[in-house]
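Chemist: Below is the file target_7.txt, which contains compact mmCIF, C-alpha atoms.
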# COMPACT_ATOMS: atom_id res chain seq x y z
CA MET I 1 -68.88 -44.42 9.52
CA ASP I 2 -65.95 -42.91 7.67
CA LYS I 3 -66.00 -39.14 7.30
CA ILE I 4 -64.78 -36.69 4.70
CA TYR I 5 -64.04 -33.13 5.82
CA LEU I 6 -64.53 -30.35 3.27
CA THR I 7 -62.84 -26.97 3.47
CA TRP I 8 -64.49 -23.63 2.72
CA TRP I 9 -62.41 -23.45 -0.45
CA GLN I 10 -63.66 -26.86 -1.64
CA VAL I 11 -67.26 -25.90 -0.92
CA ASP I 12 -66.90 -22.60 -2.76
CA ARG I 13 -65.38 -24.36 -5.81
CA ALA I 14 -68.29 -26.83 -5.73
CA ILE I 15 -70.83 -24.01 -5.58
CA PHE I 16 -69.24 -22.25 -8.55
CA ALA I 17 -69.31 -25.54 -10.49
CA LEU I 18 -73.04 -25.90 -9.72
CA ALA I 19 -73.64 -22.27 -10.68
CA ASP I 20 -72.10 -22.84 -14.12
CA HIS I 21 -74.77 -25.45 -14.85
CA LEU I 22 -77.61 -23.62 -13.11
CA ARG I 23 -77.06 -20.55 -15.32
CA GLU I 24 -78.18 -22.69 -18.26
CA TYR I 25 -81.29 -23.78 -16.33
CA GLY I 26 -82.11 -20.22 -15.26
CA PRO I 27 -84.02 -20.71 -12.00
CA ASP I 28 -86.51 -18.08 -10.85
CA VAL I 29 -86.35 -19.27 -7.24
CA ILE I 30 -83.86 -21.22 -5.13
CA VAL I 31 -85.37 -23.26 -2.29
CA GLY I 32 -82.75 -23.92 0.38
CA VAL I 33 -83.32 -26.97 2.56
CA ALA I 34 -82.49 -26.07 6.16
CA ARG I 35 -80.05 -26.55 7.59
CA GLY I 36 -77.39 -28.02 5.33
CA GLY I 37 -78.65 -26.45 2.12
CA LEU I 38 -78.88 -22.88 3.39
CA ILE I 39 -75.29 -21.76 2.92
CA PRO I 40 -75.05 -23.29 -0.57
CA ALA I 41 -78.46 -21.80 -1.49
CA VAL I 42 -77.50 -18.28 -0.40
CA ARG I 43 -74.10 -18.51 -2.07
CA LEU I 44 -75.69 -19.75 -5.32
CA SER I 45 -78.17 -16.87 -5.19
CA HIS I 46 -75.31 -14.35 -5.03
CA VAL I 47 -73.27 -16.04 -7.75
CA LEU I 48 -76.31 -16.27 -10.05
CA GLY I 49 -77.20 -12.58 -9.66
CA ASP I 50 -79.43 -12.47 -6.59
CA VAL I 51 -81.96 -15.15 -7.49
CA GLU I 52 -84.79 -15.18 -4.94
CA VAL I 53 -84.21 -17.60 -2.04
CA ARG I 54 -86.90 -19.36 -0.04
CA VAL I 55 -86.39 -21.70 2.90
CA ILE I 56 -87.97 -24.97 3.93
CA ASP I 57 -86.97 -26.98 7.00
CA VAL I 58 -87.38 -30.73 7.00
CA LYS I 59 -86.21 -32.87 9.89
CA PHE I 60 -85.14 -36.45 9.24
CA TYR I 61 -81.97 -37.11 11.22
CA LYS I 62 -81.91 -37.48 14.98
CA ASP I 63 -78.16 -38.15 14.99
CA ILE I 64 -75.35 -39.06 12.56
CA GLU I 65 -76.72 -42.59 12.01
CA GLU I 66 -80.23 -42.29 13.46
CA ARG I 67 -83.16 -41.16 11.35
CA MET I 68 -86.82 -40.66 12.13
CA GLU I 69 -89.29 -42.93 10.37
CA ARG I 70 -90.12 -40.29 7.77
CA PRO I 71 -89.11 -36.67 7.13
CA VAL I 72 -91.31 -33.97 8.63
CA ILE I 73 -91.66 -30.38 7.39
CA THR I 74 -91.05 -28.12 10.39
CA ILE I 75 -90.89 -24.78 8.52
CA PRO I 76 -93.09 -24.80 5.39
CA LEU I 77 -92.54 -22.84 2.19
CA HIS I 78 -94.43 -19.57 2.14
CA GLY I 79 -96.16 -18.07 -0.85
CA SER I 80 -96.92 -19.37 -4.30
CA LEU I 81 -94.36 -20.69 -6.75
CA GLU I 82 -96.91 -20.62 -9.56
CA GLY I 83 -95.20 -20.78 -12.95
CA LYS I 84 -91.69 -20.54 -11.45
CA ARG I 85 -88.61 -22.55 -12.40
CA VAL I 86 -87.32 -23.77 -9.03
CA VAL I 87 -84.05 -25.34 -7.98
CA VAL I 88 -84.06 -27.14 -4.63
CA VAL I 89 -80.64 -26.90 -2.97
CA ASP I 90 -79.32 -29.18 -0.25
CA ASP I 91 -75.87 -30.22 0.92
CA VAL I 92 -76.24 -33.99 0.43
CA SER I 93 -78.75 -36.32 -1.19
CA ASP I 94 -78.43 -39.26 1.22
CA THR I 95 -81.55 -41.45 1.29
CA GLY I 96 -83.40 -38.96 -0.91
CA LYS I 97 -86.45 -39.01 1.35
CA THR I 98 -86.03 -35.39 2.47
CA LEU I 99 -85.70 -34.26 -1.13
CA GLU I 100 -88.82 -36.24 -2.11
CA VAL I 101 -90.80 -34.33 0.54
CA VAL I 102 -89.39 -30.97 -0.60
CA ILE I 103 -89.95 -31.65 -4.32
CA ASP I 104 -93.55 -32.63 -3.58
CA GLU I 105 -94.08 -29.44 -1.56
CA VAL I 106 -92.55 -27.25 -4.30
CA ARG I 107 -94.85 -28.85 -6.88
CA LYS I 108 -97.88 -28.30 -4.61
CA LYS I 109 -96.92 -24.60 -4.55
CA GLY I 110 -97.33 -24.51 -8.35
CA ALA I 111 -93.77 -24.57 -9.70
CA SER I 112 -93.69 -25.07 -13.46
CA ASP I 113 -90.39 -26.96 -13.26
CA VAL I 114 -88.29 -28.36 -10.39
CA LYS I 115 -84.63 -29.34 -10.42
CA VAL I 116 -82.39 -30.47 -7.55
CA ALA I 117 -78.83 -29.32 -6.89
CA CYS I 118 -76.63 -30.83 -4.16
CA LEU I 119 -72.98 -30.60 -3.37
CA SER I 120 -72.80 -34.36 -2.95
CA MET I 121 -74.85 -37.51 -3.23
CA LYS I 122 -74.70 -40.99 -1.81
CA PRO I 123 -74.66 -43.96 -4.23
CA TRP I 124 -77.86 -45.35 -2.66
CA THR I 125 -80.02 -42.20 -2.83
CA LYS I 126 -83.57 -42.44 -4.17
CA VAL I 127 -83.24 -38.91 -5.61
CA VAL I 128 -80.30 -38.42 -7.93
CA PRO I 129 -79.87 -34.64 -8.13
CA ASP I 130 -80.07 -32.99 -11.54
CA PHE I 131 -76.86 -31.19 -10.59
CA TYR I 132 -74.26 -32.46 -8.12
CA VAL I 133 -70.50 -32.24 -7.68
CA PHE I 134 -69.38 -35.57 -6.20
CA ARG I 135 -70.54 -38.99 -4.99
CA THR I 136 -69.40 -40.53 -1.74
CA ASP I 137 -70.42 -43.25 0.68
CA LYS I 138 -68.78 -41.34 3.56
CA TRP I 139 -70.38 -38.96 6.05
CA VAL I 140 -69.62 -35.48 4.71
CA VAL I 141 -68.62 -32.87 7.28
CA PHE I 142 -69.01 -29.34 5.92
CA PRO I 143 -66.96 -26.44 7.28
CA TRP I 144 -70.03 -24.88 8.95
CA GLU I 145 -70.45 -28.08 11.00
CA GLU I 146 -66.97 -28.37 12.48
CA PHE I 147 -66.42 -28.23 16.22
CA PRO I 148 -65.07 -27.16 18.61
CA VAL I 149 -65.03 -23.39 18.33
CA VAL I 150 -61.82 -22.00 19.73
CA VAL I 151 -62.20 -18.79 21.75
CA ARG I 152 -59.12 -16.63 21.96
CA GLU I 153 -58.54 -15.19 25.39
Have the structure of the file written as structure tokens, please.
Modeler:
Amino acid sequence: MDKIYLTWWQVDRAIFALADHLREYGPDVIVGVARGGLIPAVRLSHVLGDVEVRVIDVKFYKDIEERMERPVITIPLHGSLEGKRVVVVDDVSDTGKTLEVVIDEVRKKGASDVKVACLSMKPWTKVVPDFYVFRTDKWVVFPWEEFPVVVRE
């Protein structure tokens, strides 16, 4: 599968672009989907004025092109979201199955409204984010995923 490598600068520009639209929405809570959505979720929280961040972990991929049969929540959301406007943040909406699981969980926690924000989305996703920066059919490699780490001696 072809890959696209993003720089920290590109990611930061994308996060600021998302933040411009999220200000209009005015979320009470940001739910970051571990692992890929955590850095964007935290950064959005800071840019939007320290919006509360919660974390959920859902496992779906075993490897770059190998998925499990269905996504599984491994770290659930804690506490109520009763009456809250929630934005779910992830790095990529690929199949959309992970986001479906997270949206369902956020609704079960009582959120009054749920939106999805992703840096990118695949053309075939089942969940088109309410806010996203770009579409691609390539595997996106984010700067926090790059290897190897070089140790200076």
Chemist: If I take CA of Val72 (chain I) and CA of Lys59 (chain I), how far is one from the other in Å, to one decimal?
Modeler: 5.4 Å
Chemist: List as a compact mmCIF listing (two decimals) with C-alpha atoms, in the coordinates of the input the protein and nucleic acid residues near region 103-114 of chain I, meaning an atom at most 7 Å away when all atoms listed in the file are counted, but skip any in the same chain fewer than 4 places from it.
Modeler:
# COMPACT_ATOMS: atom_id res chain seq x y z
CA SER I 80 -96.92 -19.37 -4.30
CA LEU I 81 -94.36 -20.69 -6.75
CA GLU I 82 -96.91 -20.62 -9.56
CA GLY I 83 -95.20 -20.78 -12.95
CA LYS I 84 -91.69 -20.54 -11.45
CA ARG I 85 -88.61 -22.55 -12.40
CA VAL I 86 -87.32 -23.77 -9.03
CA VAL I 87 -84.05 -25.34 -7.98
CA LEU I 99 -85.70 -34.26 -1.13
Chemist: Counting all atoms listed in the file, note down every residue that has an atom within 9 Å of the point (-82.4, -15.3, -4.6) (file coordinates), as a list of chain:residue names.
Modeler: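 Residues close enough to count: I:Asp28, I:Val29, I:Ile30, I:Val31, I:Ala41, I:Val42, I:Leu44, I:Ser45, I:His46, I:Leu48, I:Gly49, I:Asp50, I:Val51, I:Glu52, I:Val53, I:Arg54.
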Chemist: Could you jot down the CA of Met121 (chain I) to CA of Phe142 (chain I) separation for me, Å, one decimal place?
Modeler: 13.6 Å
Chemist: For Trp139 (chain I), find every residue with an atom within 10 Å (counting only C-alpha atoms), except residues of its own chain fewer than 4 positions away, and show them as a list in words.
Modeler: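 With the cut-off at 10 Å, the set is Met1, Asp2, Lys3, Ile4, Tyr5, Ile64, Glu65, Val92, Asp94 and Lys122 of chain I.
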Chemist: Would you export the selected residues with C-alpha atoms as a compact mmCIF listing (two decimals), keeping the file's coordinate frame, please?
Modeler:
# COMPACT_ATOMS: atom_id res chain seq x y z
CA MET I 1 -68.88 -44.42 9.52
CA ASP I 2 -65.95 -42.91 7.67
CA LYS I 3 -66.00 -39.14 7.30
CA ILE I 4 -64.78 -36.69 4.70
CA TYR I 5 -64.04 -33.13 5.82
CA ILE I 64 -75.35 -39.06 12.56
CA GLU I 65 -76.72 -42.59 12.01
CA VAL I 92 -76.24 -33.99 0.43
CA ASP I 94 -78.43 -39.26 1.22
CA LYS I 122 -74.70 -40.99 -1.81
